[in-house]
file coords.cif (mmCIF, C-alpha atoms)
data_work
loop_
_atom_site.label_atom_id
_atom_site.label_comp_id
_atom_site.auth_asym_id
_atom_site.auth_seq_id
_atom_site.Cartn_x
_atom_site.Cartn_y
_atom_site.Cartn_z
CA MET A 30 0.00 0.00 0.00
CA LYS A 31 1.08 3.54 -0.69
CA ILE A 32 0.24 5.73 2.29
CA GLY A 33 0.55 9.49 2.64
CA ILE A 34 0.83 11.27 5.96
CA VAL A 35 0.37 15.03 6.29
CA TYR A 36 0.84 16.77 9.61
CA ALA A 37 0.97 20.15 11.33
CA THR A 38 2.89 20.55 14.56
CA VAL A 39 3.75 23.45 16.84
CA ASP A 40 6.30 21.94 19.21
CA GLY A 41 7.26 18.75 17.37
CA GLN A 42 5.26 16.03 19.15
CA THR A 43 2.87 15.50 16.23
CA LEU A 44 5.87 14.97 13.93
CA LYS A 45 7.34 12.52 16.45
CA ILE A 46 4.06 10.57 16.44
CA CYS A 47 3.89 10.65 12.63
CA THR A 48 7.44 9.33 12.43
CA LYS A 49 6.54 6.43 14.72
CA ILE A 50 3.43 5.66 12.64
CA LYS A 51 5.52 5.74 9.46
CA GLU A 52 8.14 3.39 10.97
CA GLU A 53 5.47 0.90 11.99
CA LEU A 54 3.70 1.03 8.61
CA VAL A 55 6.99 0.56 6.75
CA GLN A 56 7.74 -2.49 8.94
CA LEU A 57 4.37 -3.83 7.76
CA ASN A 58 5.59 -3.50 4.13
CA ASN A 59 3.82 -0.28 3.21
CA GLN A 60 5.34 2.53 1.17
CA VAL A 61 4.89 5.65 3.32
CA GLU A 62 5.54 9.29 2.50
CA LEU A 63 5.52 11.88 5.29
CA TYR A 64 4.91 15.60 4.63
CA SER A 65 4.57 18.75 6.64
CA ILE A 66 1.38 20.56 5.67
CA ASP A 67 3.62 23.31 4.29
CA ASP A 68 5.46 20.91 1.97
CA PHE A 69 2.65 18.73 0.60
CA LYS A 70 2.38 19.20 -3.18
CA GLU A 71 1.21 15.72 -4.20
CA GLU A 72 -2.20 14.44 -5.29
CA ILE A 73 -4.18 12.78 -2.50
CA THR A 74 -5.59 10.35 -5.07
CA ASN A 75 -2.06 8.98 -5.68
CA PHE A 76 -2.26 7.27 -2.26
CA ASP A 77 -4.19 4.15 -1.25
CA LYS A 78 -4.60 5.56 2.27
CA PHE A 79 -4.17 9.07 3.58
CA ILE A 80 -3.50 10.17 7.17
CA ILE A 81 -3.79 13.68 8.62
CA GLY A 82 -2.34 14.58 12.01
CA SER A 83 -2.74 17.89 13.78
CA SER A 84 -1.66 19.46 17.00
CA ILE A 85 -3.82 21.82 18.99
CA ARG A 86 -2.88 25.18 20.39
CA TYR A 87 -5.30 27.21 22.49
CA GLY A 88 -8.17 24.86 21.80
CA VAL A 89 -8.06 24.75 18.00
CA HIS A 90 -6.45 22.48 15.44
CA HIS A 91 -3.88 23.94 13.11
CA LYS A 92 -5.54 26.36 10.68
CA LYS A 93 -3.69 24.98 7.64
CA ILE A 94 -4.97 21.47 8.39
CA THR A 95 -8.56 22.71 8.51
CA GLU A 96 -8.07 24.61 5.23
CA PHE A 97 -6.44 21.55 3.66
CA ILE A 98 -9.35 19.30 4.62
CA ASN A 99 -11.95 21.79 3.41
CA THR A 100 -10.14 22.33 0.11
CA ASN A 101 -9.56 18.61 -0.53
CA LYS A 102 -12.70 17.06 0.93
CA SER A 103 -13.88 15.49 -2.35
CA LYS A 104 -10.47 13.83 -2.89
CA LEU A 105 -10.28 12.68 0.73
CA ASP A 106 -13.71 11.09 0.32
CA THR A 107 -12.40 8.85 -2.48
CA THR A 108 -9.83 7.00 -0.35
CA LYS A 109 -9.42 5.42 3.06
CA THR A 110 -8.47 8.18 5.48
CA ALA A 111 -7.46 8.68 9.07
CA PHE A 112 -7.26 11.75 11.26
CA PHE A 113 -5.56 12.09 14.60
CA SER A 114 -5.36 14.94 17.05
CA VAL A 115 -2.53 15.58 19.49
CA ASN A 116 -3.44 17.55 22.60
CA LEU A 117 -2.72 17.78 26.30
CA VAL A 118 -6.37 17.36 27.32
CA ALA A 119 -6.03 13.76 26.09
CA ARG A 120 -3.69 13.12 29.05
CA LYS A 121 -6.87 12.53 31.04
CA PRO A 122 -8.36 9.05 30.58
CA GLU A 123 -11.89 10.43 30.35
CA LYS A 124 -10.88 12.71 27.45
CA ASN A 125 -8.58 10.50 25.37
CA THR A 126 -10.99 9.11 22.77
CA PRO A 127 -12.46 10.73 19.66
CA THR A 128 -15.92 10.79 21.25
CA THR A 129 -14.80 12.19 24.62
CA ASN A 130 -12.09 14.65 23.59
CA PRO A 131 -13.77 18.08 23.44
CA TYR A 132 -11.37 19.42 20.79
CA VAL A 133 -11.99 16.52 18.42
CA VAL A 134 -15.75 16.65 18.95
CA LYS A 135 -15.73 20.41 18.25
CA PHE A 136 -13.44 19.99 15.23
CA PHE A 137 -15.75 17.54 13.50
CA LYS A 138 -18.72 19.82 14.11
CA THR A 139 -16.92 22.59 12.18
CA ILE A 140 -15.93 20.58 9.10
CA ASN A 141 -17.88 18.45 6.65
CA TRP A 142 -15.55 15.43 6.46
CA LYS A 143 -15.75 12.01 8.02
CA PRO A 144 -12.48 10.06 7.91
CA THR A 145 -12.48 6.27 7.98
CA LEU A 146 -10.58 6.27 11.29
CA VAL A 147 -10.14 8.91 14.02
CA GLU A 148 -7.83 8.83 17.04
CA VAL A 149 -6.57 11.12 19.80
CA PHE A 150 -3.12 11.09 21.37
CA ALA A 151 -1.90 12.98 24.39
CA GLY A 152 0.96 15.34 23.60
CA LYS A 153 4.02 16.53 25.46
CA LEU A 154 4.25 19.27 28.04
CA ASP A 155 7.63 21.04 27.95
CA TYR A 156 7.53 24.46 29.57
CA LYS A 157 11.23 25.12 28.91
CA LYS A 158 10.60 24.91 25.17
CA TYR A 159 7.74 27.43 25.04
CA PRO A 160 8.10 31.13 24.35
CA TYR A 161 7.25 33.26 27.39
CA PHE A 162 3.64 34.10 26.42
CA ASP A 163 2.83 30.50 25.49
CA ARG A 164 4.36 29.22 28.73
CA ILE A 165 2.25 31.59 30.82
CA MET A 166 -0.93 30.72 28.90
CA ILE A 167 -0.30 26.97 29.05
CA GLN A 168 0.51 27.18 32.77
CA PHE A 169 -2.78 29.01 33.29
CA ILE A 170 -4.70 26.39 31.29
CA MET A 171 -2.96 23.61 33.22
CA TRP A 172 -3.75 25.32 36.51
CA MET A 173 -7.43 25.51 35.49
CA THR A 174 -7.44 21.81 34.50
CA LYS A 175 -5.46 20.69 37.57
CA GLY A 176 -2.33 19.85 35.57
CA PRO A 177 1.33 20.53 36.39
CA THR A 178 2.37 24.20 36.41
CA ASP A 179 6.04 24.01 37.46
CA LYS A 180 7.92 25.81 34.65
CA THR A 181 10.72 23.21 34.77
CA VAL A 182 8.34 20.32 34.02
CA GLU A 183 8.75 18.17 30.93
CA ILE A 184 6.25 15.32 30.62
CA GLU A 185 5.59 13.19 27.57
CA TYR A 186 2.00 12.00 27.92
CA THR A 187 1.89 10.17 24.57
CA ASN A 188 0.89 6.54 24.93
CA TRP A 189 3.23 4.88 22.42
CA ASN A 190 1.38 1.54 22.60
CA LYS A 191 -1.76 3.35 21.50
CA VAL A 192 0.21 4.87 18.58
CA LEU A 193 1.39 1.39 17.55
CA GLU A 194 -2.15 -0.02 17.75
CA PHE A 195 -3.39 2.88 15.61
CA SER A 196 -0.67 2.09 13.06
CA LYS A 197 -1.73 -1.56 12.92
CA THR A 198 -5.37 -0.57 12.51
CA LEU A 199 -4.36 1.76 9.66
CA HIS A 200 -2.48 -1.06 7.99
CA ASN A 201 -5.56 -3.29 8.18
CA LEU A 202 -8.02 -0.71 6.80
#

call {"tool": "encode", "arguments": {"input": "coords.cif", "output": "structure tokens"}}
result
Amino acid sequence: MKIGIVYATVDGQTLKICTKIKEELVQLNNQVELYSIDDFKEEITNFDKFIIGSSIRYGVHHKKITEFINTNKSKLDTTKTAFFSVNLVARKPEKNTPTTNPYVVKFFKTINWKPTLVEVFAGKLDYKKYPYFDRIMIQFIMWMTKGPTDKTVEIEYTNWNKVLEFSKTLHNL
């Protein structure tokens, strides 16, 4: 199978997840091409399966991903597709599925596309990496949601077993 993966990331965790998905799919004998949303110039219809991954910042998915989906909806509808969201809210067990994650639920209410498969992964919290304003805002959001606020904290919440299971499910689509 020829599989395309397009992603948008702010701090790099979505790319890290995409890379892991690609590695797993290649091990399962797929041909996989990985693109940043800024670099994708191919035809969606050239792929047997197409995956879109997006990070969230301040409660919304990456604007270019939303535009990409809206622009290419008819092509996306002609192939097997998957979408995954990477966000810190998914660190909570009660908010780590497509039907319980408020950002994913909201996202699919704002677009007219239904992928074959949807998943949610928890991201990474790394205060040292954030610019000052982002750090303050994320600390405030974490304080409101009872998360860690220590500016030296670095926690990778991503469940890598869940990423591998997602990859296997993609392979079997």

call {"tool": "residues_around", "arguments": {"input": "coords.cif", "residues": "Phe69 in chain A", "least_positions_apart": "4", "cutoff": "8 Å", "atoms": "all atoms listed in the file", "output": "NGL selection string"}}
result
:A and (35 or 64-65)

call {"tool": "residues_around", "arguments": {"input": "coords.cif", "residues": "Val89 in chain A", "least_positions_apart": "5", "cutoff": "10 Å", "atoms": "all atoms listed in the file", "output": "list in words"}}
result
Ser83, Ser84, Thr95, Asn116, Tyr132, Val133, Lys135 and Phe136 of chain A

call {"tool": "closest_residue", "arguments": {"input": "coords.cif", "among": "A:His91, A:Lys175, A:Lys31, A:His200", "to": "Ser114 in chain A", "atoms": "all atoms listed in the file"}}
result
A:His91

call {"tool": "residues_around", "arguments": {"input": "coords.cif", "residues": "Tyr156 in chain A", "least_positions_apart": "6", "cutoff": "7 Å", "atoms": "all atoms listed in the file", "output": "MDAnalysis selection string"}}
result
chainID A and resid 164 180:183

call {"tool": "closest_residue", "arguments": {"input": "coords.cif", "among": "A:Ile98, A:Ile66, A:Met173, A:Val61", "to": "Trp142 in chain A", "atoms": "only C-alpha atoms"}}
result
A:Ile98

call {"tool": "resolve_selection", "arguments": {"input": "coords.cif", "expression": "the PyMOL selection byres ((chain A and resi 196-198) around 10)", "output": "ChimeraX atom specification"}}
result
/A:47,49-54,57,146,190-195,199-202

call {"tool": "resolve_selection", "arguments": {"input": "coords.cif", "expression": "the PyMOL selection byres ((chain A and resi 125) around 12)", "output": "ChimeraX atom specification"}}
result
/A:113-124,126-134,147-152,186-188,191

call {"tool": "residues_near_point", "arguments": {"input": "coords.cif", "point": "(-16.8, 17.3, 0.0)", "cutoff": "7 Å", "atoms": "all atoms listed in the file", "output": "ChimeraX atom specification"}}
result
/A:102-103,106,141-142

call {"tool": "atom_distance", "arguments": {"input": "coords.cif", "atom1": "CA of Ile81 in chain A", "atom2": "CA of Ala111 in chain A"}}
result
6.2 Å

call {"tool": "resolve_selection", "arguments": {"input": "coords.cif", "expression": "the PyMOL selection byres ((chain A and resi 62) around 7)", "output": "list in words"}}
result
Ile32, Gly33, Ile34, Gln60, Val61, Leu63 and Tyr64 of chain A

call {"tool": "residues_around", "arguments": {"input": "coords.cif", "residues": "Thr110 in chain A", "least_positions_apart": "5", "cutoff": "7 Å", "atoms": "only C-alpha atoms", "output": "ChimeraX atom specification"}}
result
/A:78-80,105,144-146

call {"tool": "closest_residue", "arguments": {"input": "coords.cif", "among": "A:Tyr36, A:Ile46, A:Lys158, A:Thr107", "to": "Trp189 in chain A", "atoms": "all atoms listed in the file"}}
result
A:Ile46

call {"tool": "closest_residue", "arguments": {"input": "coords.cif", "among": "A:Leu154, A:Ile73, A:Ile94, A:Leu44", "to": "Ile170 in chain A", "atoms": "all atoms listed in the file"}}
result
A:Leu154

call {"tool": "atom_distance", "arguments": {"input": "coords.cif", "atom1": "CA of Asn99 in chain A", "atom2": "CA of Thr74 in chain A"}}
result
15.6 Å

call {"tool": "atom_distance", "arguments": {"input": "coords.cif", "atom1": "CA of Ile167 in chain A", "atom2": "CA of Thr43 in chain A"}}
result
17.5 Å

call {"tool": "closest_residue", "arguments": {"input": "coords.cif", "among": "A:Ile184, A:Ile140, A:Val55, A:Ile85", "to": "Asn101 in chain A", "atoms": "only C-alpha atoms"}}
result
A:Ile140

call {"tool": "closest_residue", "arguments": {"input": "coords.cif", "among": "A:Val39, A:Asn59, A:Glu72, A:Lys104", "to": "His90 in chain A", "atoms": "all atoms listed in the file"}}
result
A:Val39

call {"tool": "residues_around", "arguments": {"input": "coords.cif", "residues": "Met166 in chain A", "least_positions_apart": "5", "cutoff": "12 Å", "atoms": "only C-alpha atoms", "output": "ChimeraX atom specification"}}
result
/A:86-88,156,159-161,171-173,178,180
